[in-house]
Amino acid sequence: MKTAVVTVGKEILTGKTINTNLTTIARKLKEIGIDVSRSFVIDDDKEEYMKILKIIDEKVVIFTGGLGPTIDDITRETVYEYFNVPIEIKEDALDTIQKYFDRMHIEKKNSNDKQALLPIDSIVLNNNHGTAPGVIFEVNNQIIILLPGPPNELKPMLEDVISYLKRKTKTFLYSNGFNLVGIGESTMEDTLQDFYKAYKEVNVAPYASPGEVKYVFTSEDKQKMHQAMDAFKQKYNKYIYGNLDDTLEGIVVNLLRHEHQILSIAESCTGGLVASRITKVDGASNCFHESFVTYSNEAKMKYLNVSEETLKQFGAVSEETALEMAINLKQNTKADITISITGIAGPTGGTLEKPVGLVYFGLAHKDKVISKHRIFNGSREIIQFRASQFALDMIRKELLKAI
């Protein structure tokens, strides 16, 4: 089924916001064999909606954005008007919106009621992270899907959308895959050419993001898909940290809990990012008790007992400092395993000897202490994320040795 995606919002057109929703939708649809043939970005203007709708002839049309309660959020009303579908206030949707405001201890405004205005014969997509429900309805041999703009609201709804579209496709496709860390897409692709030839019946699609690569396997033949995945896992097992739905921090927390290990973290250039990722995982409190962001030399000495002599002789960004941070953190907190991170995130502060992107890591576990360093490319934020990814992978690999 050919699909058109229409993204609504001036913030996209002006460059203030990146259209990540298109990438998310296209990837999820590709996993079930549906291609996005065209994509449009339009302003919240009724004439723009009408122009686009007149030229779209794809079987599936997905709108994102414009479902809010304000006067400029007109996706819902305009699309209904164009297709001339009968609509009504869905009491269940209105009740869900009311419960959202009750949880937030905020009074619901009457303007929010229009968000429960939906086609009579439609499928409502509940929104647990906002007030705008999504909706699926069929008209004139087309499937129309309206989704909210905020990615945290859109992504959970996509699972219901994918389930619905799977039932509509004539060909059933099986899809699964792996998340990899510690190797880049270009390096992987250089070694995969023979693999692609050996499994022609299976579509293998890589999706690279900072610090990791996803490989999605799709095929009409479930057995051949699993054969390809088994061969892939045997070849690249040391880089695979989990399945598509897993996160690296989630895997680390599960390993810590399984091994009954307590983790403590000392961060400098990442500013608490590793700790933040860990605490996003449910159950983290069972294995993670404390962390320190020691951004200055004074903080490193005060809270981690890094010696002034070490800092003067080797600098804050050094193997020696990273090791002292990890060792002293373990002594101070009595944690089973500790990780430390110190580096130069940039864009300033680098030198010829210590360039921007240089990060040192220290890890202390049982009687073992190890250090590593890497030079990461990218913006400040990308360097920080790559460093957090590398630190989590260090913990993962160390815990796997104990199993």
# chains A, B, ... in the order shown; residues from 1 in each chain; ligands from 1
>>> residues_around(residues="Ile383 in chain A", least_positions_apart="3", cutoff="12 Å", atoms="only C-alpha atoms", output="count of residues only")
28
>>> closest_atom_pairs(of="range 285-378 of chain A", to="range 236-257 of chain A", cutoff="9 Å", atoms="only C-alpha atoms", output="tab-separated table")
residue	atom	partner	partner_atom	distance
A:Asn286	CA	A:Arg257	CA	6.8
A:Cys287	CA	A:Arg257	CA	5.9
A:Phe288	CA	A:Val253	CA	8.3
>>> write_last_selection(atoms="N, CA and C atoms", output="PDB file, in the first residue's frame")
ATOM      1  N   ASN A 286      16.530  -0.495  42.217  1.00  0.00           N
ATOM      2  CA  ASN A 286      17.021  -1.728  42.832  1.00  0.00           C
ATOM      3  C   ASN A 286      18.518  -1.941  42.619  1.00  0.00           C
ATOM      4  N   CYS A 287      19.097  -1.201  41.677  1.00  0.00           N
ATOM      5  CA  CYS A 287      20.507  -1.446  41.353  1.00  0.00           C
ATOM      6  C   CYS A 287      21.331  -0.176  41.201  1.00  0.00           C
ATOM      7  N   PHE A 288      20.704   0.979  41.344  1.00  0.00           N
ATOM      8  CA  PHE A 288      21.401   2.249  41.172  1.00  0.00           C
ATOM      9  C   PHE A 288      20.994   3.189  42.302  1.00  0.00           C
TER      10      PHE A 288
END
>>> select_by_dssp(residues="range 89-280 of chain A", states="strand (DSSP E)", output="ChimeraX atom specification")
/A:89,117-119,123-125,134-139,142-147,174-181,203-209,212-219,240-243,263-267
>>> residues_around(residues="Pro206 in chain A", least_positions_apart="2", cutoff="7 Å", atoms="only C-alpha atoms", output="ChimeraX atom specification")
/A:204,208,213-216
>>> closest_residue(among="A:Thr187, A:Thr321, A:Asn126, A:Asn179", to="Glu159 in chain A", atoms="only C-alpha atoms")
A:Asn126
>>> atom_distance(atom1="CA of Leu173 in chain A", atom2="CA of Thr218 in chain A")
6.5 Å
>>> residues_around(residues="range 127-140 of chain A", least_positions_apart="4", cutoff="10 Å", atoms="only C-alpha atoms", output="PyMOL selection string")
chain A and resi 59-69+76+83-85+93-94+96-101+108+112-123+144-150+152-154+156-158+160-161+164
>>> decode(residues="range 292-313 of chain A", atoms="C-alpha atoms", output="PDB file, in the first residue's frame")
ATOM      1  CA  PHE A 292      28.078  12.453  41.096  1.00  0.00           C
ATOM      2  CA  VAL A 293      28.498  15.148  38.474  1.00  0.00           C
ATOM      3  CA  THR A 294      31.982  16.466  39.247  1.00  0.00           C
ATOM      4  CA  TYR A 295      32.411  19.022  36.499  1.00  0.00           C
ATOM      5  CA  SER A 296      35.220  21.042  38.044  1.00  0.00           C
ATOM      6  CA  ASN A 297      38.586  19.947  39.384  1.00  0.00           C
ATOM      7  CA  GLU A 298      37.520  21.144  42.813  1.00  0.00           C
ATOM      8  CA  ALA A 299      34.479  18.877  42.705  1.00  0.00           C
ATOM      9  CA  LYS A 300      36.577  15.912  41.643  1.00  0.00           C
ATOM     10  CA  MET A 301      38.842  16.464  44.649  1.00  0.00           C
ATOM     11  CA  LYS A 302      36.022  17.204  47.089  1.00  0.00           C
ATOM     12  CA  TYR A 303      33.617  14.371  46.279  1.00  0.00           C
ATOM     13  CA  LEU A 304      35.843  11.739  44.640  1.00  0.00           C
ATOM     14  CA  ASN A 305      39.147  12.333  46.407  1.00  0.00           C
ATOM     15  CA  VAL A 306      41.024  12.754  43.148  1.00  0.00           C
ATOM     16  CA  SER A 307      44.436  14.012  44.180  1.00  0.00           C
ATOM     17  CA  GLU A 308      45.504  17.529  43.304  1.00  0.00           C
ATOM     18  CA  GLU A 309      48.816  16.122  42.145  1.00  0.00           C
ATOM     19  CA  THR A 310      47.081  13.858  39.597  1.00  0.00           C
ATOM     20  CA  LEU A 311      45.087  16.757  38.218  1.00  0.00           C
ATOM     21  CA  LYS A 312      48.151  18.999  37.966  1.00  0.00           C
ATOM     22  CA  GLN A 313      50.389  16.374  36.384  1.00  0.00           C
TER      23      GLN A 313
END
